[in-house]
>>> print(open('protein.tsv').read())   # TSV, C-alpha atoms and all ligand atoms
chain	number	residue	atom	x	y	z
A	1	MET	CA	-114.87	-67.13	-107.76
A	2	ARG	CA	-115.99	-63.63	-106.98
A	3	THR	CA	-117.32	-60.95	-109.24
A	4	TYR	CA	-115.27	-57.79	-109.50
A	5	GLU	CA	-115.74	-54.44	-111.13
A	6	LEU	CA	-112.74	-52.69	-112.62
A	7	MET	CA	-112.77	-49.11	-113.77
A	8	TYR	CA	-109.67	-47.58	-115.28
A	9	ILE	CA	-108.67	-44.46	-117.16
A	10	ILE	CA	-106.38	-44.65	-120.18
A	11	ARG	CA	-104.34	-41.66	-121.39
A	12	PRO	CA	-106.31	-39.60	-123.93
A	13	ASP	CA	-103.44	-39.21	-126.39
A	14	LEU	CA	-103.30	-42.86	-127.46
A	15	ASP	CA	-104.54	-43.75	-130.94
A	16	GLU	CA	-107.24	-46.35	-131.35
A	17	GLU	CA	-104.82	-49.18	-131.98
A	18	ALA	CA	-102.83	-48.45	-128.84
A	19	LEU	CA	-106.03	-48.09	-126.85
A	20	ASN	CA	-107.28	-51.47	-128.07
A	21	GLY	CA	-103.90	-52.91	-127.16
A	22	VAL	CA	-104.23	-51.75	-123.55
A	23	VAL	CA	-107.81	-53.04	-123.20
A	24	ASP	CA	-106.87	-56.40	-124.76
A	25	LYS	CA	-103.86	-56.68	-122.48
A	26	PHE	CA	-105.98	-56.47	-119.35
A	27	ASP	CA	-108.69	-58.75	-120.74
A	28	GLN	CA	-106.01	-61.36	-121.42
A	29	LEU	CA	-104.34	-60.85	-118.07
A	30	ILE	CA	-107.64	-61.64	-116.32
A	31	THR	CA	-108.14	-64.77	-118.45
A	32	ASN	CA	-104.54	-65.91	-117.91
A	33	HIS	CA	-104.79	-65.61	-114.14
A	34	GLY	CA	-107.81	-67.74	-113.39
A	35	GLY	CA	-110.40	-65.12	-114.24
A	36	GLU	CA	-113.16	-64.70	-116.75
A	37	VAL	CA	-114.21	-61.42	-118.39
A	38	ILE	CA	-117.97	-60.85	-118.17
A	39	ASN	CA	-118.14	-57.59	-120.09
A	40	THR	CA	-116.02	-54.64	-121.13
A	41	ASN	CA	-117.74	-51.32	-121.51
A	42	ARG	CA	-115.97	-48.38	-123.14
A	43	TRP	CA	-117.33	-45.14	-121.80
A	44	GLY	CA	-115.14	-43.26	-124.25
A	45	LYS	CA	-113.27	-40.02	-123.73
A	46	ARG	CA	-114.49	-38.14	-120.70
A	47	ARG	CA	-113.46	-35.00	-118.90
A	48	LEU	CA	-111.64	-35.68	-115.63
A	49	ALA	CA	-112.91	-34.02	-112.45
A	50	TYR	CA	-109.32	-32.86	-111.88
A	51	GLU	CA	-106.09	-32.97	-113.85
A	52	ILE	CA	-103.99	-36.13	-113.69
A	53	ASN	CA	-100.40	-35.92	-114.96
A	54	ASP	CA	-101.39	-32.76	-116.90
A	55	TYR	CA	-104.24	-34.56	-118.66
A	56	ARG	CA	-107.72	-33.05	-118.53
A	57	GLU	CA	-109.52	-36.03	-120.03
A	58	GLY	CA	-109.15	-39.77	-120.36
A	59	PHE	CA	-110.70	-42.90	-121.85
A	60	TYR	CA	-112.85	-44.60	-119.22
A	61	ILE	CA	-113.17	-48.38	-119.31
A	62	LEU	CA	-115.61	-50.26	-117.11
A	63	GLU	CA	-115.16	-53.99	-116.86
A	64	HIS	CA	-116.78	-56.81	-114.93
A	65	PHE	CA	-114.98	-60.06	-114.37
A	66	LYS	CA	-115.00	-63.20	-112.31
A	67	GLY	CA	-111.83	-64.13	-110.52
A	68	ASN	CA	-110.09	-64.81	-107.23
A	69	SER	CA	-107.64	-62.88	-105.10
A	70	ALA	CA	-104.69	-64.00	-107.28
A	71	THR	CA	-106.42	-62.51	-110.33
A	72	GLU	CA	-107.02	-59.28	-108.45
A	73	ILE	CA	-103.47	-59.01	-107.10
A	74	GLU	CA	-101.86	-59.57	-110.50
A	75	LEU	CA	-104.26	-57.19	-112.22
A	76	GLU	CA	-103.54	-54.50	-109.65
A	77	ARG	CA	-99.80	-55.00	-109.97
A	78	VAL	CA	-99.82	-54.61	-113.76
A	79	LEU	CA	-102.28	-51.69	-113.76
A	80	LYS	CA	-99.94	-49.83	-111.40
A	81	LEU	CA	-96.95	-50.20	-113.68
A	82	THR	CA	-98.71	-49.48	-116.98
A	83	ASP	CA	-97.89	-45.90	-118.01
A	84	ALA	CA	-100.98	-45.60	-120.21
A	85	VAL	CA	-103.23	-46.10	-117.18
A	86	LEU	CA	-103.87	-42.85	-115.28
A	87	ARG	CA	-106.07	-44.29	-112.53
A	88	PHE	CA	-107.90	-47.49	-111.69
A	89	LEU	CA	-110.39	-48.78	-109.16
A	90	ILE	CA	-111.20	-52.41	-108.41
A	91	THR	CA	-114.30	-53.14	-106.33
A	92	ARG	CA	-115.88	-56.41	-105.32
A	93	LYS	CA	-119.51	-56.92	-106.21
A	94	LEU	CA	-121.84	-58.28	-103.56
B	1	MET	CA	-153.56	-18.03	-77.47
B	2	ARG	CA	-150.37	-19.55	-78.74
B	3	ARG	CA	-148.86	-18.70	-82.01
B	4	GLU	CA	-146.38	-20.90	-83.77
B	5	ARG	CA	-143.08	-19.17	-84.00
B	6	GLY	CA	-140.35	-19.65	-86.57
B	7	ARG	CA	-139.96	-22.24	-89.21
B	8	ARG	CA	-140.73	-25.80	-88.43
B	9	PRO	CA	-137.75	-28.02	-89.20
B	10	ARG	CA	-138.53	-29.89	-92.37
B	11	LYS	CA	-138.58	-33.61	-91.84
B	12	LYS	CA	-135.61	-35.06	-93.67
B	13	VAL	CA	-136.04	-38.32	-95.48
B	14	CYS	CA	-133.21	-40.52	-96.68
B	15	SER	CA	-133.55	-40.52	-100.47
B	16	PHE	CA	-131.69	-43.83	-100.76
B	17	CYS	CA	-134.23	-45.48	-98.45
B	18	VAL	CA	-137.09	-43.93	-100.43
B	19	GLU	CA	-135.65	-45.35	-103.64
B	20	LYS	CA	-134.87	-48.66	-101.91
B	21	VAL	CA	-131.23	-48.49	-102.95
B	22	GLN	CA	-129.37	-51.69	-102.03
B	23	ASP	CA	-125.84	-50.39	-102.49
B	24	VAL	CA	-124.77	-46.87	-103.31
B	25	ASP	CA	-122.93	-46.81	-106.64
B	26	TYR	CA	-119.80	-44.69	-107.01
B	27	LYS	CA	-120.60	-44.36	-110.74
B	28	ASP	CA	-123.91	-42.61	-110.07
B	29	VAL	CA	-122.24	-39.20	-110.12
B	30	GLY	CA	-125.48	-37.34	-110.79
B	31	LYS	CA	-126.93	-38.57	-107.51
B	32	LEU	CA	-123.72	-38.29	-105.49
B	33	ARG	CA	-123.31	-34.64	-106.53
B	34	LYS	CA	-126.38	-33.82	-104.46
B	35	PHE	CA	-124.45	-34.81	-101.36
B	36	ILE	CA	-121.39	-32.62	-101.85
B	37	THR	CA	-120.99	-28.85	-101.66
B	38	ASP	CA	-119.86	-26.61	-104.53
B	39	ARG	CA	-116.36	-26.99	-103.19
B	40	GLY	CA	-116.63	-30.75	-103.22
B	41	LYS	CA	-117.03	-31.34	-99.48
B	42	ILE	CA	-119.32	-34.11	-98.29
B	43	LEU	CA	-122.52	-32.75	-96.70
B	44	PRO	CA	-123.15	-33.81	-93.10
B	45	ARG	CA	-126.06	-36.09	-92.36
B	46	ARG	CA	-128.16	-33.35	-90.73
B	47	ILE	CA	-128.18	-31.55	-94.07
B	48	SER	CA	-128.21	-34.46	-96.50
B	49	GLY	CA	-131.01	-36.16	-94.57
B	50	ASN	CA	-129.50	-39.58	-95.19
B	51	CYS	CA	-129.90	-42.36	-92.68
B	52	ALA	CA	-126.71	-43.52	-90.98
B	53	LYS	CA	-126.33	-46.59	-93.17
B	54	HIS	CA	-126.72	-44.74	-96.45
B	55	GLN	CA	-124.61	-41.79	-95.31
B	56	ARG	CA	-121.80	-44.25	-94.62
B	57	GLU	CA	-122.24	-45.87	-98.02
B	58	ALA	CA	-122.53	-42.53	-99.81
B	59	THR	CA	-119.30	-41.36	-98.16
B	60	ILE	CA	-117.47	-44.45	-99.43
B	61	ALA	CA	-118.97	-44.02	-102.90
B	62	ILE	CA	-117.96	-40.33	-103.05
B	63	LYS	CA	-114.40	-41.21	-102.03
B	64	ARG	CA	-114.23	-43.88	-104.73
B	65	ALA	CA	-115.63	-41.48	-107.32
B	66	ARG	CA	-112.97	-38.94	-106.34
B	67	ASN	CA	-110.19	-41.47	-106.72
B	68	ILE	CA	-111.28	-42.33	-110.24
B	69	ALA	CA	-111.69	-38.60	-111.11
B	70	LEU	CA	-115.47	-38.74	-111.52
B	71	LEU	CA	-115.85	-36.20	-108.69
B	72	PRO	CA	-113.48	-33.46	-107.54
B	73	PHE	CA	-111.56	-33.46	-104.29
B	74	THR	CA	-112.27	-30.58	-101.92
B	75	SER	CA	-111.12	-27.37	-103.56
B	76	ASP	CA	-110.02	-25.25	-100.62
C	101	ZN	ZN	-131.24	-44.70	-96.00
>>> encode(input="protein.tsv", output="structure tokens", more="lines below")
Ligand SMILES: [Zn+2]
Amino acid sequence: MRTYELMYIIRPDLDEEALNGVVDKFDQLITNHGGEVINTNRWGKRRLAYEINDYREGFYILEHFKGNSATEIELERVLKLTDAVLRFLITRKL
Amino acid sequence: MRRERGRRPRKKVCSFCVEKVQDVDYKDVGKLRKFITDRGKILPRRISGNCAKHQREATIAIKRARNIALLPFTSD
């Protein structure tokens, strides 16, 4: 298994319950696809360097997880089709 | 008698090498900002003073930071 870093931005207009729902969904997705969440760090609401879909800010989530390429592919697929996610970045740790 | 003319070029040192940085982090926006212009363009190596290895890594980190909206794209 490799260690990955995932950063993603959630829409700022979600309430706390909806926000928790999104974070939980991705935590579970990692676990259900051969991965293991190491930590999830909520940076909170932050101003975006440029507007995305008319939003000027977003909730930043930084997450580390262990997984394999199947975990990464599935995570990427679902992140892409989740409306609440404005942007994401998956990097592999050395 | 010879007189020294003009300004001597300041010796540029790679700040990542000085700080013994292993891999340049795209999340370190405070540091990465020093290597872009006001308009968001990446500074060339002759100005940034970075070594080739760290300039390459800084460029990748800046591009990642832009994609995740931590840094702006070029604004012209
Ligand atoms: Zn260097």
>>> closest_residue(input="protein.tsv", among="B:Arg66, B:Lys53, B:Val24, B:Ser75", to="ligand ZN 101 (chain C)", atoms="only C-alpha atoms and all ligand atoms")
B:Lys53
>>> residues_near_ligand(input="protein.tsv", ligand="ligand ZN 101 (chain C)", cutoff="12 Å", atoms="only C-alpha atoms and all ligand atoms", output="ChimeraX atom specification")
/B:12-24,45,48-58
>>> atom_distance(input="protein.tsv", atom1="atom CA of Lys66 of chain A", atom2="atom CA of Glu36 of chain A")
5.0 Å
>>> closest_residue(input="protein.tsv", among="A:Phe59, A:Tyr8, A:Phe26, A:Phe65", to="chain B", atoms="all atoms listed in the file")
A:Tyr8
>>> closest_residue(input="protein.tsv", among="B:Ile42, B:Ile60, B:Leu32, B:Ile68", to="Ile61 of chain A", atoms="only C-alpha atoms")
B:Ile68
>>> interface_residues(input="protein.tsv", of="chain A", to="chain B", cutoff="7 Å", atoms="only C-alpha atoms", output="list in words")
Leu48, Ala49, Tyr50, Arg87, Phe88 and Leu89 of chain A
